[in-house]
>>> print(open('model.cif').read())   # mmCIF, C-alpha atoms
data_work
loop_
_atom_site.label_atom_id
_atom_site.label_comp_id
_atom_site.auth_asym_id
_atom_site.auth_seq_id
_atom_site.Cartn_x
_atom_site.Cartn_y
_atom_site.Cartn_z
CA MET A 1 275.36 237.31 98.89
CA ALA A 2 276.44 235.63 102.13
CA LYS A 3 277.27 231.97 101.86
CA LYS A 4 274.73 229.80 103.70
CA GLU A 5 276.27 227.86 106.56
CA LYS A 6 276.25 224.13 106.00
CA GLU A 7 273.72 222.50 108.32
CA VAL A 8 275.01 219.90 110.75
CA PRO A 9 273.20 216.59 110.17
CA LEU A 10 270.91 215.19 112.85
CA ARG A 11 273.16 213.31 115.25
CA VAL A 12 271.28 210.10 116.04
CA ILE A 13 273.08 208.18 118.80
CA TYR A 14 270.43 205.55 119.58
CA GLU A 15 267.40 204.23 117.76
CA ASP A 16 265.03 201.29 117.95
CA ASN A 17 261.35 200.76 117.10
CA HIS A 18 260.21 202.74 120.13
CA LEU A 19 262.81 205.41 120.95
CA ILE A 20 265.28 207.70 119.24
CA ALA A 21 268.05 209.67 120.97
CA ILE A 22 269.85 212.70 119.58
CA ASN A 23 273.15 214.31 120.57
CA LYS A 24 271.71 217.81 120.50
CA LYS A 25 273.99 220.64 119.49
CA SER A 26 273.80 223.99 121.22
CA GLY A 27 271.25 226.19 119.47
CA ASP A 28 268.79 223.42 118.61
CA ILE A 29 265.42 223.66 120.33
CA VAL A 30 263.35 220.79 121.70
CA GLN A 31 260.06 222.69 121.65
CA ALA A 32 258.83 225.60 119.53
CA ASP A 33 259.55 229.08 120.84
CA LYS A 34 259.00 232.67 119.69
CA THR A 35 261.89 232.44 117.19
CA GLY A 36 259.90 230.08 115.00
CA ASP A 37 263.04 228.00 114.37
CA GLU A 38 262.68 224.36 113.36
CA THR A 39 262.47 222.05 116.37
CA LEU A 40 264.23 218.74 116.94
CA PRO A 41 260.92 216.80 116.71
CA ASP A 42 260.38 218.41 113.28
CA LYS A 43 263.85 217.31 112.18
CA ILE A 44 263.33 213.81 113.57
CA LYS A 45 260.05 213.41 111.70
CA GLU A 46 261.78 214.34 108.45
CA TYR A 47 264.62 211.92 109.26
CA ILE A 48 262.17 209.06 109.89
CA LYS A 49 260.17 209.83 106.74
CA GLU A 50 263.30 209.78 104.63
CA LYS A 51 265.01 206.79 106.26
CA TYR A 52 261.96 204.53 106.28
CA ASN A 53 260.19 205.99 103.25
CA LYS A 54 257.11 206.80 105.33
CA SER A 55 254.21 208.82 104.02
CA GLY A 56 251.71 210.80 106.05
CA ASN A 57 252.12 211.81 109.67
CA VAL A 58 255.05 210.58 111.74
CA PHE A 59 254.88 210.40 115.55
CA CYS A 60 257.61 211.99 117.67
CA GLY A 61 256.86 212.51 121.35
CA VAL A 62 258.89 214.79 123.64
CA ILE A 63 259.98 212.94 126.80
CA HIS A 64 262.29 215.52 128.39
CA ARG A 65 263.96 218.80 127.46
CA ILE A 66 267.29 220.54 127.69
CA ASP A 67 267.84 224.26 127.26
CA ARG A 68 268.66 225.79 123.88
CA PRO A 69 272.33 226.68 124.66
CA VAL A 70 272.95 223.23 126.20
CA SER A 71 274.26 220.23 124.25
CA GLY A 72 273.85 216.52 124.79
CA VAL A 73 271.52 213.56 124.86
CA VAL A 74 267.79 214.03 124.40
CA ILE A 75 265.40 211.09 123.97
CA PHE A 76 262.16 211.10 121.98
CA ALA A 77 259.42 208.50 121.63
CA LYS A 78 258.53 207.03 118.24
CA THR A 79 255.22 205.59 119.51
CA SER A 80 252.49 206.83 121.85
CA LYS A 81 252.92 203.72 124.02
CA ALA A 82 256.62 204.42 124.51
CA LEU A 83 255.87 208.07 125.26
CA ALA A 84 253.34 207.20 127.99
CA ARG A 85 255.70 204.71 129.63
CA MET A 86 258.73 207.02 129.44
CA ASN A 87 256.69 209.90 130.85
CA GLN A 88 255.84 207.68 133.81
CA LEU A 89 259.53 206.89 134.33
CA VAL A 90 260.34 210.59 134.36
CA HIS A 91 257.46 211.31 136.74
CA ASP A 92 258.66 208.57 139.09
CA ARG A 93 262.28 209.81 138.82
CA GLN A 94 263.40 206.51 137.35
CA MET A 95 265.53 208.12 134.64
CA LYS A 96 269.07 208.86 135.80
CA LYS A 97 270.47 212.01 134.15
CA ILE A 98 274.15 212.92 134.25
CA TYR A 99 275.41 216.32 133.08
CA TRP A 100 278.88 217.78 132.70
CA ALA A 101 279.35 221.43 133.60
CA ILE A 102 282.37 223.68 133.06
CA VAL A 103 282.84 226.30 135.78
CA LYS A 104 285.53 228.87 136.54
CA LYS A 105 285.50 228.49 140.31
CA ALA A 106 285.81 225.19 142.16
CA PRO A 107 282.82 224.46 144.38
CA GLU A 108 283.50 223.88 148.07
CA PRO A 109 283.45 221.11 149.01
CA ALA A 110 284.69 219.42 145.82
CA GLU A 111 281.83 216.92 146.03
CA GLY A 112 278.43 217.44 147.53
CA ASN A 113 274.65 217.68 147.43
CA LEU A 114 272.73 220.88 146.75
CA ILE A 115 269.16 221.58 147.79
CA HIS A 116 267.47 224.83 146.80
CA TYR A 117 263.96 226.10 146.18
CA LEU A 118 263.34 227.45 142.69
CA TYR A 119 260.75 229.72 141.13
CA ARG A 120 260.33 230.03 137.37
CA ASP A 121 260.06 233.65 136.25
CA GLU A 122 258.40 233.03 132.89
CA ARG A 123 258.38 236.68 131.89
CA ASN A 124 262.18 236.86 132.00
CA ASN A 125 262.78 233.14 131.28
CA LYS A 126 264.88 232.85 134.39
CA THR A 127 264.82 230.79 137.58
CA LEU A 128 264.95 232.52 140.96
CA VAL A 129 266.70 230.73 143.83
CA SER A 130 265.98 230.52 147.54
CA ARG A 131 267.89 228.53 150.12
CA VAL A 132 264.78 228.19 152.27
CA PRO A 133 261.25 227.06 151.35
CA LYS A 134 258.95 229.77 149.96
CA ASP A 135 255.43 229.85 148.61
CA GLY A 136 255.43 228.99 144.92
CA TYR A 137 259.02 227.72 144.97
CA LEU A 138 259.75 224.06 144.13
CA LYS A 139 262.39 221.94 145.81
CA ALA A 140 265.42 221.23 143.59
CA GLU A 141 268.17 218.75 144.37
CA LEU A 142 271.34 217.59 142.65
CA ASN A 143 274.64 215.88 143.41
CA TYR A 144 277.92 217.16 142.01
CA LYS A 145 281.63 216.37 142.03
CA ILE A 146 284.76 217.70 140.35
CA ILE A 147 286.01 215.15 137.83
CA SER A 148 288.69 217.15 135.98
CA GLN A 149 290.34 220.55 135.71
CA SER A 150 292.38 222.70 133.35
CA ASP A 151 294.53 225.74 134.10
CA ASN A 152 291.47 227.97 134.38
CA TYR A 153 288.38 225.79 134.63
CA TYR A 154 286.86 222.84 136.47
CA LEU A 155 284.68 220.09 135.04
CA LEU A 156 281.82 218.98 137.28
CA GLU A 157 279.74 215.85 136.96
CA VAL A 158 276.18 216.59 138.03
CA GLU A 159 273.46 214.07 138.77
CA LEU A 160 269.97 215.53 138.71
CA ILE A 161 267.65 214.32 141.45
CA THR A 162 264.82 216.63 140.42
CA GLY A 163 264.20 218.23 137.04
CA ARG A 164 263.42 221.94 137.32
CA HIS A 165 263.63 224.82 134.86
CA HIS A 166 267.29 225.93 134.50
CA GLN A 167 268.03 223.90 137.64
CA ILE A 168 271.75 223.18 137.22
CA ARG A 169 272.45 226.68 135.92
CA ALA A 170 270.64 228.38 138.80
CA GLN A 171 271.90 226.13 141.60
CA LEU A 172 275.56 226.30 140.57
CA ALA A 173 275.33 230.08 140.15
CA ASP A 174 273.91 230.39 143.68
CA ILE A 175 277.03 228.77 145.17
CA GLY A 176 279.29 231.09 143.18
CA CYS A 177 280.01 228.71 140.30
CA PRO A 178 278.13 230.00 137.23
CA ILE A 179 278.56 227.86 134.13
CA ARG A 180 281.01 229.02 131.48
CA GLY A 181 279.35 231.35 129.00
CA ASP A 182 276.06 231.57 130.93
CA LEU A 183 275.48 235.33 131.03
CA LYS A 184 271.92 234.86 132.31
CA TYR A 185 273.26 233.39 135.55
CA GLY A 186 276.27 235.58 136.14
CA PHE A 187 279.18 234.34 134.04
CA PRO A 188 281.02 237.47 132.82
CA ARG A 189 281.66 236.44 129.20
CA SER A 190 279.70 234.60 126.55
CA CYS A 191 281.04 231.79 124.37
CA VAL A 192 281.68 232.68 120.73
CA ASP A 193 279.06 230.25 119.44
CA GLY A 194 276.40 231.21 122.01
CA SER A 195 276.65 227.89 123.84
CA ILE A 196 277.19 227.43 127.55
CA GLY A 197 279.48 224.88 129.19
CA LEU A 198 276.72 222.44 130.08
CA HIS A 199 276.37 219.06 128.38
CA ALA A 200 273.82 216.30 128.99
CA ARG A 201 276.31 213.43 129.15
CA SER A 202 274.09 210.38 129.73
CA VAL A 203 270.70 208.98 130.62
CA THR A 204 270.03 205.58 132.17
CA PHE A 205 266.59 203.96 132.34
CA ILE A 206 264.64 200.72 132.01
CA HIS A 207 263.52 200.38 128.40
CA PRO A 208 259.72 200.86 128.20
CA VAL A 209 259.19 197.79 126.02
CA GLY A 210 262.26 195.55 126.21
CA LEU A 211 262.63 196.21 129.96
CA GLN A 212 266.43 196.06 129.77
CA THR A 213 268.64 198.64 131.46
CA THR A 214 269.54 201.16 128.76
CA VAL A 215 272.40 203.66 128.96
CA ILE A 216 272.77 206.34 126.29
CA GLU A 217 275.84 208.59 126.24
CA ALA A 218 276.47 211.70 124.16
CA ASP A 219 279.95 212.92 123.27
CA PRO A 220 280.74 216.52 124.31
CA PRO A 221 281.10 219.21 121.61
CA ARG A 222 284.30 219.37 119.57
CA GLU A 223 285.58 222.59 121.05
CA LYS A 224 288.99 223.43 122.52
CA LEU A 225 288.12 223.20 126.22
CA TRP A 226 285.81 220.20 125.83
CA ASN A 227 288.57 218.53 123.78
CA HIS A 228 291.01 219.13 126.63
CA PHE A 229 288.74 217.51 129.22
CA CYS A 230 287.98 214.55 126.95
CA GLU A 231 291.71 213.98 126.48
CA ILE A 232 292.33 214.06 130.24
CA LEU A 233 289.45 211.66 130.85
CA ASN A 234 290.62 209.42 128.00
CA ILE A 235 287.33 209.65 126.13
CA ASN A 236 287.56 208.49 122.54
CA ARG A 237 284.80 210.36 120.75
CA SER A 238 283.37 208.52 117.78
CA GLN A 239 280.22 210.56 117.16
CA LEU A 240 279.90 213.42 114.69
#
>>> encode(input="model.cif", output="structure tokens")
Amino acid sequence: MAKKEKEVPLRVIYEDNHLIAINKKSGDIVQADKTGDETLPDKIKEYIKEKYNKSGNVFCGVIHRIDRPVSGVVIFAKTSKALARMNQLVHDRQMKKIYWAIVKKAPEPAEGNLIHYLYRDERNNKTLVSRVPKDGYLKAELNYKIISQSDNYYLLEVELITGRHHQIRAQLADIGCPIRGDLKYGFPRSCVDGSIGLHARSVTFIHPVGLQTTVIEADPPREKLWNHFCEILNINRSQL
């Protein structure tokens, strides 16, 4: 009988009475899909029940999402009031989201702004890209810059201006820089663990109750190439 793989504990990187943030590992899902796998909100509810000895229903509201093969910070609301206020921040684009992306080819120029028009093909779970406006396509915008490199790869820092389905993956692929391991958008090889080289590095926002500026960072995965970039950038990772 095959030995069951030891489950990685829930990586809580921020928590207060209103919000909880997780450093999501690749493979975890934020919302239920056809696989039927346990979602992060399910895991968070169990965590809260156990930690605070709560009985009955536990609230966990989804504020934003990142794709299944992507790692990094995801924030959830512990109260309906926090959820409503955070949803408004997201709607008003008052949540700053920074991602790190590993690509094989350096974008030209090394720093810039990308504007595309995207269409979500739900049947194939893929985003189609146009460089000009089209009916049914939504405007997508991001800023990027190269912040490090190895012998074979470049590390980009990406700031999302809009939040569209597969936005970073589709936009970078359109300029000839598909993300490492992202077969769906043209990278030639997958990563062994099924992840792609995209990590939600940080989110910055005004706390919905305390009203203080809040910055939450998530350490990149402990993997050879991510380790290399963290060493170059002098990042001392303390998280699991």
>>> atom_distance(input="model.cif", atom1="atom CA of A:Leu83", atom2="atom CA of A:Leu211")
14.4 Å
>>> resolve_selection(input="model.cif", expression="the PyMOL selection byres ((chain A and resi 225) around 12)", output="ChimeraX atom specification")
/A:101-103,148-155,180,191,196-197,220-224,226-232
>>> closest_atom_pairs(input="model.cif", of="stretch 141-233 of chain A", to="stretch 72-77 of chain A", cutoff="7 Å", atoms="all atoms listed in the file", output="tab-separated table")
residue	atom	partner	partner_atom	distance
A:His199	CA	A:Gly72	CA	5.1
A:Ala200	CA	A:Gly72	CA	4.2
A:Arg201	CA	A:Gly72	CA	5.9
A:Ser202	CA	A:Val73	CA	6.4
A:Glu217	CA	A:Val73	CA	6.7
A:Ala218	CA	A:Val73	CA	5.3
A:Pro220	CA	A:Gly72	CA	6.9
>>> closest_residue(input="model.cif", among="A:Lys145, A:Lys78, A:Arg169, A:Lys25", to="A:Ala110", atoms="all atoms listed in the file")
A:Lys145
>>> resolve_selection(input="model.cif", expression="the PyMOL selection byres ((chain A and resi 120) around 12)", output="list in words")
Tyr117, Leu118, Tyr119, Asp121, Glu122, Arg123, Asn124, Asn125, Lys126, Thr127, Leu128, Val129, Ser130, Gly136, Tyr137, Leu138, Lys139, Ala140, Arg164, His165, His166, Gln167 and Ala170 of chain A
>>> atom_distance(input="model.cif", atom1="atom CA of A:Arg68", atom2="atom CA of A:Ala21")
16.4 Å
>>> resolve_selection(input="model.cif", expression="the PyMOL selection byres ((chain A and resi 18) around 12)", output="PyMOL selection string")
chain A and resi 14-17+19-21+59-61+75-86+207-210
>>> closest_residue(input="model.cif", among="A:Met95, A:Asn234, A:Lys43, A:Val30", to="A:Val58", atoms="all atoms listed in the file")
A:Lys43
>>> atom_distance(input="model.cif", atom1="atom CA of A:Leu89", atom2="atom CA of A:Tyr47")
26.1 Å
